[in-house]
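Colleague: Following this line is target17.cif, made up of mmCIF, C-alpha atoms:
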```cif
data_input
loop_
_atom_site.group_PDB
_atom_site.id
_atom_site.type_symbol
_atom_site.label_atom_id
_atom_site.label_comp_id
_atom_site.auth_asym_id
_atom_site.auth_seq_id
_atom_site.Cartn_x
_atom_site.Cartn_y
_atom_site.Cartn_z
ATOM 1 C CA MET A 1463 63.408 82.389 97.194
ATOM 2 C CA ARG A 1464 67.030 82.280 96.387
ATOM 3 C CA ARG A 1465 69.846 83.368 95.715
ATOM 4 C CA PHE A 1466 72.143 86.007 97.182
ATOM 5 C CA LEU A 1467 75.820 85.019 97.113
ATOM 6 C CA PRO A 1468 79.129 86.849 97.311
ATOM 7 C CA LEU A 1469 80.144 88.081 93.868
ATOM 8 C CA VAL A 1470 83.082 85.725 93.372
ATOM 9 C CA MET A 1471 81.048 82.609 94.193
ATOM 10 C CA ALA A 1472 78.167 83.827 92.047
ATOM 11 C CA LEU A 1473 80.433 84.258 89.030
ATOM 12 C CA ALA A 1474 81.931 80.818 89.560
ATOM 13 C CA VAL A 1475 78.503 79.204 89.712
ATOM 14 C CA ALA A 1476 77.306 81.097 86.640
ATOM 15 C CA LEU A 1477 80.351 80.042 84.639
ATOM 16 C CA ALA A 1478 79.930 76.431 85.720
ATOM 17 C CA ALA A 1479 76.373 76.520 84.421
ATOM 18 C CA LEU A 1480 77.338 78.088 81.090
ATOM 19 C CA VAL A 1481 80.448 76.100 80.148
ATOM 20 C CA PRO A 1482 79.754 72.493 79.034
ATOM 21 C CA LEU A 1483 81.894 69.890 80.758
ATOM 22 C CA ALA A 1484 83.540 67.178 78.711
ATOM 23 C CA GLY A 1485 81.916 63.835 79.302
ATOM 24 C CA GLY A 1486 79.067 65.379 81.294
ATOM 25 C CA THR A 1487 75.485 64.226 81.154
ATOM 26 C CA ALA A 1488 72.448 66.197 82.185
ATOM 27 C CA ALA A 1489 70.195 65.416 85.111
ATOM 28 C CA ALA A 1490 66.773 66.827 85.815
ATOM 29 C CA ALA A 1491 66.869 69.969 87.918
ATOM 30 C CA GLY A 1492 66.196 69.053 91.508
ATOM 31 C CA SER A 1493 67.403 65.422 91.145
ATOM 32 C CA TYR A 1494 68.844 63.894 94.309
ATOM 33 C CA VAL A 1495 71.561 61.445 95.261
ATOM 34 C CA TYR A 1496 71.782 60.066 98.789
ATOM 35 C CA VAL A 1497 74.917 59.739 100.902
ATOM 36 C CA ASN A 1498 75.819 56.157 101.806
ATOM 37 C CA PRO A 1499 76.421 55.012 105.395
ATOM 38 C CA GLY A 1500 79.969 55.276 106.645
ATOM 39 C CA GLY A 1501 80.675 58.808 107.854
ATOM 40 C CA ALA A 1502 80.995 62.360 106.551
ATOM 41 C CA VAL A 1503 81.662 62.812 102.819
ATOM 42 C CA ASN A 1504 83.588 65.673 101.200
ATOM 43 C CA VAL A 1505 82.024 67.791 98.462
ATOM 44 C CA ARG A 1506 84.845 69.214 96.328
ATOM 45 C CA SER A 1507 85.524 72.122 93.990
ATOM 46 C CA ALA A 1508 86.507 69.795 91.115
ATOM 47 C CA PRO A 1509 85.981 66.087 90.333
ATOM 48 C CA ASN A 1510 89.194 64.839 91.935
ATOM 49 C CA LEU A 1511 90.498 64.101 95.431
ATOM 50 C CA SER A 1512 93.189 66.801 95.309
ATOM 51 C CA SER A 1513 90.691 69.668 94.886
ATOM 52 C CA SER A 1514 89.453 71.853 97.741
ATOM 53 C CA VAL A 1515 86.784 70.572 100.133
ATOM 54 C CA MET A 1516 83.864 73.017 99.883
ATOM 55 C CA THR A 1517 81.516 71.388 102.419
ATOM 56 C CA GLN A 1518 80.630 68.021 103.936
ATOM 57 C CA VAL A 1519 77.473 65.899 103.837
ATOM 58 C CA TYR A 1520 76.448 63.033 106.076
ATOM 59 C CA PRO A 1521 74.975 59.505 105.817
ATOM 60 C CA GLY A 1522 71.368 59.639 104.669
ATOM 61 C CA ASP A 1523 71.578 63.232 103.441
ATOM 62 C CA ALA A 1524 70.175 64.046 99.995
ATOM 63 C CA VAL A 1525 72.261 66.193 97.649
ATOM 64 C CA VAL A 1526 70.670 68.141 94.777
ATOM 65 C CA VAL A 1527 72.579 67.386 91.549
ATOM 66 C CA THR A 1528 72.403 68.667 87.975
ATOM 67 C CA GLY A 1529 74.535 66.217 85.998
ATOM 68 C CA THR A 1530 77.561 63.917 85.913
ATOM 69 C CA VAL A 1531 81.142 64.262 84.685
ATOM 70 C CA THR A 1532 84.112 61.938 84.371
ATOM 71 C CA GLY A 1533 86.809 62.616 86.948
ATOM 72 C CA GLN A 1534 89.361 60.855 89.100
ATOM 73 C CA SER A 1535 88.581 57.205 89.715
ATOM 74 C CA VAL A 1536 87.573 56.493 93.314
ATOM 75 C CA GLY A 1537 87.352 52.799 94.154
ATOM 76 C CA GLY A 1538 87.173 52.040 90.437
ATOM 77 C CA ASP A 1539 84.353 54.545 89.826
ATOM 78 C CA SER A 1540 85.263 57.629 87.748
ATOM 79 C CA THR A 1541 81.768 59.200 87.739
ATOM 80 C CA TRP A 1542 81.227 62.385 89.745
ATOM 81 C CA TYR A 1543 77.971 64.290 90.270
ATOM 82 C CA ARG A 1544 77.878 68.051 89.797
ATOM 83 C CA THR A 1545 75.850 69.684 92.569
ATOM 84 C CA LYS A 1546 73.583 72.681 92.165
ATOM 85 C CA SER A 1547 76.370 74.766 93.749
ATOM 86 C CA GLY A 1548 78.738 73.829 90.929
ATOM 87 C CA TRP A 1549 80.744 71.490 93.175
ATOM 88 C CA TYR A 1550 81.343 67.727 92.920
ATOM 89 C CA ILE A 1551 80.678 64.526 94.842
ATOM 90 C CA SER A 1552 81.949 61.080 93.850
ATOM 91 C CA ASP A 1553 79.437 58.484 92.683
ATOM 92 C CA SER A 1554 81.302 55.971 94.857
ATOM 93 C CA VAL A 1555 79.866 57.453 98.066
ATOM 94 C CA VAL A 1556 76.235 58.005 97.054
ATOM 95 C CA SER A 1557 73.191 56.062 95.861
ATOM 96 C CA SER A 1558 70.290 57.017 93.618
ATOM 97 C CA SER A 1559 67.711 56.080 96.258
ATOM 98 C CA PRO A 1560 67.463 56.836 99.989
ATOM 99 C CA THR A 1561 69.802 54.847 102.179
ATOM 100 C CA SER A 1562 69.789 53.862 105.825
ATOM 101 C CA GLY A 1563 72.287 55.303 108.235
ATOM 102 C CA SER A 1564 71.156 58.908 108.583
ATOM 103 C CA SER A 1565 72.341 60.530 111.757
ATOM 104 C CA GLY A 1566 68.772 61.642 112.392
ATOM 105 C CA ALA A 1567 67.694 64.947 113.864
ATOM 106 C CA SER A 1568 70.425 67.480 114.466
ATOM 107 C CA GLY A 1569 69.393 68.345 117.991
ATOM 108 C CA SER A 1570 70.754 66.916 121.210
ATOM 109 C CA ALA A 1571 68.989 66.283 124.497
ATOM 110 C CA SER A 1572 69.525 69.891 125.549
ATOM 111 C CA GLY A 1573 70.498 71.616 122.304
ATOM 112 C CA ARG A 1574 68.619 74.208 120.256
ATOM 113 C CA TRP A 1575 68.065 73.488 116.559
ATOM 114 C CA ILE A 1576 65.648 74.080 113.704
ATOM 115 C CA ASP A 1577 63.591 71.354 112.022
ATOM 116 C CA VAL A 1578 62.256 71.856 108.468
ATOM 117 C CA ASN A 1579 59.672 69.268 107.426
ATOM 118 C CA LEU A 1580 59.101 69.273 103.653
ATOM 119 C CA THR A 1581 56.117 66.928 103.939
ATOM 120 C CA THR A 1582 54.089 69.053 106.326
ATOM 121 C CA LEU A 1583 55.675 72.342 105.172
ATOM 122 C CA THR A 1584 56.447 73.377 108.716
ATOM 123 C CA VAL A 1585 59.459 74.894 110.472
ATOM 124 C CA SER A 1586 59.925 74.058 114.152
ATOM 125 C CA ALA A 1587 62.136 75.668 116.769
ATOM 126 C CA MET A 1588 63.448 72.779 118.841
ATOM 127 C CA VAL A 1589 65.035 72.485 122.271
ATOM 128 C CA GLY A 1590 66.154 68.898 122.465
ATOM 129 C CA ASN A 1591 63.095 66.926 121.337
ATOM 130 C CA GLN A 1592 60.588 69.588 122.373
ATOM 131 C CA VAL A 1593 58.887 71.888 119.868
ATOM 132 C CA VAL A 1594 58.853 75.403 121.320
ATOM 133 C CA TYR A 1595 57.471 77.157 118.223
ATOM 134 C CA GLN A 1596 56.156 76.012 114.865
ATOM 135 C CA ALA A 1597 55.303 77.927 111.703
ATOM 136 C CA PRO A 1598 53.949 77.052 108.245
ATOM 137 C CA ALA A 1599 56.382 77.504 105.373
ATOM 138 C CA THR A 1600 56.685 77.486 101.607
ATOM 139 C CA THR A 1601 59.748 75.686 100.228
ATOM 140 C CA GLY A 1602 61.330 74.747 96.886
ATOM 141 C CA LYS A 1603 58.990 74.337 93.943
ATOM 142 C CA PRO A 1604 59.512 71.520 91.394
ATOM 143 C CA GLY A 1605 62.912 71.824 89.773
ATOM 144 C CA TRP A 1606 64.184 74.020 92.599
ATOM 145 C CA GLY A 1607 63.936 71.635 95.528
ATOM 146 C CA THR A 1608 65.030 72.629 98.992
ATOM 147 C CA PRO A 1609 68.124 70.547 99.824
ATOM 148 C CA ILE A 1610 67.604 67.701 102.269
ATOM 149 C CA GLY A 1611 70.023 66.941 105.060
ATOM 150 C CA HIS A 1612 71.941 68.333 108.009
ATOM 151 C CA PHE A 1613 73.088 71.940 107.843
ATOM 152 C CA THR A 1614 74.080 74.782 110.122
ATOM 153 C CA ILE A 1615 73.313 78.485 109.990
ATOM 154 C CA LEU A 1616 76.326 79.969 108.211
ATOM 155 C CA ARG A 1617 75.407 83.642 107.737
ATOM 156 C CA ARG A 1618 72.792 86.004 109.157
ATOM 157 C CA PRO A 1619 72.778 89.122 106.983
ATOM 158 C CA GLY A 1620 69.250 90.066 108.049
ATOM 159 C CA THR A 1621 67.707 92.106 105.233
ATOM 160 C CA VAL A 1622 68.957 91.438 101.691
ATOM 161 C CA THR A 1623 68.019 91.771 98.028
ATOM 162 C CA MET A 1624 67.789 88.341 96.402
ATOM 163 C CA SER A 1625 68.265 87.908 92.665
ATOM 164 C CA SER A 1626 68.555 84.930 90.345
ATOM 165 C CA GLY A 1627 70.832 87.098 88.205
ATOM 166 C CA THR A 1628 73.691 85.932 90.421
ATOM 167 C CA PHE A 1629 73.260 82.534 88.768
ATOM 168 C CA GLY A 1630 73.429 83.882 85.247
ATOM 169 C CA LEU A 1631 69.683 84.089 84.634
ATOM 170 C CA GLN A 1632 68.590 87.047 82.522
ATOM 171 C CA PRO A 1633 65.373 89.104 82.357
ATOM 172 C CA GLY A 1634 62.833 87.177 80.334
ATOM 173 C CA ASP A 1635 63.777 83.831 81.836
ATOM 174 C CA PRO A 1636 60.741 82.430 83.712
ATOM 175 C CA ASN A 1637 62.934 81.916 86.795
ATOM 176 C CA TYR A 1638 64.466 85.402 86.759
ATOM 177 C CA TYR A 1639 63.639 87.595 89.735
ATOM 178 C CA VAL A 1640 64.879 90.488 91.827
ATOM 179 C CA GLN A 1641 63.333 90.528 95.295
ATOM 180 C CA PRO A 1642 64.245 93.500 97.510
ATOM 181 C CA ASN A 1643 63.916 93.850 101.267
ATOM 182 C CA VAL A 1644 63.913 90.138 102.162
ATOM 183 C CA GLN A 1645 63.954 90.232 105.953
ATOM 184 C CA TYR A 1646 65.254 87.909 108.697
ATOM 185 C CA THR A 1647 67.542 86.053 106.289
ATOM 186 C CA GLN A 1648 69.632 83.187 107.699
ATOM 187 C CA TYR A 1649 71.648 81.162 105.154
ATOM 188 C CA PHE A 1650 72.113 77.485 106.001
ATOM 189 C CA ASP A 1651 74.233 76.419 103.024
ATOM 190 C CA ASN A 1652 76.662 77.891 100.512
ATOM 191 C CA ALA A 1653 74.207 77.537 97.621
ATOM 192 C CA GLY A 1654 72.063 80.466 98.771
ATOM 193 C CA ASP A 1655 69.356 78.514 100.606
ATOM 194 C CA ALA A 1656 68.039 80.376 103.627
ATOM 195 C CA LEU A 1657 65.335 80.748 106.208
ATOM 196 C CA HIS A 1658 63.704 84.139 105.640
ATOM 197 C CA GLY A 1659 60.579 86.215 105.625
ATOM 198 C CA ASN A 1660 58.418 85.982 102.515
ATOM 199 C CA TYR A 1661 56.054 88.916 101.944
ATOM 200 C CA TRP A 1662 55.251 88.269 98.270
ATOM 201 C CA SER A 1663 53.773 84.749 98.182
ATOM 202 C CA PRO A 1664 50.019 84.228 98.618
ATOM 203 C CA ALA A 1665 48.977 83.835 102.234
ATOM 204 C CA ASP A 1666 47.531 80.393 101.547
ATOM 205 C CA SER A 1667 50.861 79.060 100.233
ATOM 206 C CA PHE A 1668 52.370 78.774 103.708
ATOM 207 C CA GLY A 1669 51.931 75.219 104.896
ATOM 208 C CA ASN A 1670 50.118 74.226 101.690
ATOM 209 C CA TYR A 1671 52.294 74.442 98.571
ATOM 210 C CA ASN A 1672 55.759 75.391 97.351
ATOM 211 C CA THR A 1673 56.682 78.664 95.664
ATOM 212 C CA SER A 1674 60.398 79.204 96.339
ATOM 213 C CA HIS A 1675 63.629 78.589 94.451
ATOM 214 C CA GLY A 1676 64.888 76.427 97.328
ATOM 215 C CA CYS A 1677 64.704 78.678 100.364
ATOM 216 C CA VAL A 1678 62.409 78.178 103.351
ATOM 217 C CA GLY A 1679 60.046 81.136 103.336
ATOM 218 C CA MET A 1680 57.766 82.117 106.191
ATOM 219 C CA ARG A 1681 55.437 84.957 107.067
ATOM 220 C CA ASN A 1682 57.537 87.839 108.349
ATOM 221 C CA SER A 1683 56.171 87.502 111.875
ATOM 222 C CA ASP A 1684 57.240 83.839 111.998
ATOM 223 C CA ALA A 1685 60.607 84.542 110.373
ATOM 224 C CA ALA A 1686 61.215 87.161 113.068
ATOM 225 C CA TYR A 1687 60.770 84.496 115.731
ATOM 226 C CA PHE A 1688 63.343 82.217 114.069
ATOM 227 C CA TRP A 1689 65.689 85.173 113.656
ATOM 228 C CA ASN A 1690 65.620 85.716 117.412
ATOM 229 C CA PHE A 1691 65.844 81.974 118.086
ATOM 230 C CA GLY A 1692 68.688 81.286 115.626
ATOM 231 C CA SER A 1693 72.421 81.850 115.810
ATOM 232 C CA ILE A 1694 75.524 81.180 113.732
ATOM 233 C CA GLY A 1695 76.319 77.460 113.863
ATOM 234 C CA MET A 1696 72.825 76.375 114.924
ATOM 235 C CA PRO A 1697 71.875 72.995 113.372
ATOM 236 C CA VAL A 1698 69.167 72.961 110.703
ATOM 237 C CA TYR A 1699 67.712 69.572 109.750
ATOM 238 C CA VAL A 1700 65.716 69.447 106.479
ATOM 239 C CA HIS A 1701 63.767 66.274 105.725
ATOM 240 C CA TYR A 1702 60.588 64.738 104.346
#
```
Could the structure of this file be written out as structure tokens, please?
Modeller:
Amino acid sequence: MRRFLPLVMALAVALAALVPLAGGTAAAAGSYVYVNPGGAVNVRSAPNLSSSVMTQVYPGDAVVVTGTVTGQSVGGDSTWYRTKSGWYISDSVVSSSPTSGSSGASGSASGRWIDVNLTTLTVSAMVGNQVVYQAPATTGKPGWGTPIGHFTILRRPGTVTMSSGTFGLQPGDPNYYVQPNVQYTQYFDNAGDALHGNYWSPADSFGNYNTSHGCVGMRNSDAAYFWNFGSIGMPVYVHY
């Protein structure tokens, strides 16, 4: 499940979702664009090159987007995509279908990293190219897809309460939830996606079907292993 964000970021995301943007068009929730070959790409706080860089994405990565707006022209293209985080990426650096040029798995010959496979619904603890532990997972359900690409563990708060209220959803909305005591939580992006224990989903969901709002949920015993394996800055590679 998602999302637990600092209050300021949560308010910014909620406002972005509630205030219509001039010239914007809607996209289906969970739609993707794919980063073109050529190096790291900046994701910005507003649809122009003078705004703050919020994060970076890499060739071959998929970015979850919710719509388009008109912004600063980049290479003659003034269309920008709004990401699910409420940030922006220029249409000039992405494609609507997967591209070649991905940097591949995040691990190195001797490095430790985490592999999330959305096809097999498995999470693997990796040392170089060797799997040292693997667990079944449940990931983003339709409309709330788990983001694809190269990430790092940014925060490890451990046990948290997750609530979709931080994104402006209210009781009565089918996607509203408050989930207390979510253990072994490790956030790998600034949109609230995390590796964590999931004690509320049916046991047969792990490795078989998706129930989350974008996070990578595991049985608590498996999430505990990845908590002990993980560390701030550890690469996380999410792919099909």
Colleague: As an exercise, work out the distance from atom CA of A:Gln1518 to atom CA of A:Ser1558 in Å and give it to one decimal place.
Modeller: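 For atom CA of A:Gln1518 relative to atom CA of A:Ser1558, the distance reads 18.3 Å.
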Colleague: Carefully work through the PyMOL selection byres ((chain A and resi 1530-1544) around 6) for this structure and note down the residues it includes, as number ranges by chain.
Modeller: A: 1485-1487, 1509-1510, 1527-1529, 1545, 1548-1553
Colleague: Can you tell me, as a ChimeraX atom specification, which residues sit within 9 Å of (54.3, 76.3, 101.9) in the file's frame, using only C-alpha atoms?
Modeller: /A:1580,1582-1584,1598-1602,1666-1674,1678-1680
Colleague: For a test of reading the model, state the distance in Å between atom CA of A:Val1622 and atom CA of A:Asp1655, rounded to one decimal.
Modeller: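 Value for the atom CA of A:Val1622-atom CA of A:Asp1655 distance: 13.0 Å.
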Colleague: Nearest to A:Leu1616: which of A:Tyr1649, A:Phe1688, A:Tyr1699, A:Tyr1496 is it, counting only C-alpha atoms?
Modeller: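 The shortest atom-to-atom distance to A:Leu1616 comes from A:Tyr1649.
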Colleague: Quick one: what's the axis-aligned box for stretch 1498-1515 of chain A, all listed atoms, 5 Å on every side, centre and edges in Å to one decimal, as AutoDock Vina command-line options?
Modeller:
```
--center_x 84.5 --center_y 63.6 --center_z 99.1 --size_x 27.4 --size_y 27.1 --size_z 27.5
```
Colleague: Smallest atom-to-atom distance to A:Val1585: which of A:Met1516, A:Lys1603, A:Asp1684, A:Gly1692, using all atoms listed in the file?
Modeller: A:Asp1684
Colleague: Would you mind reading off the distance between atom CA of A:Met1696 and atom CA of A:Trp1606, one decimal, in Å?
Modeller: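 It comes out at 24.1 Å.
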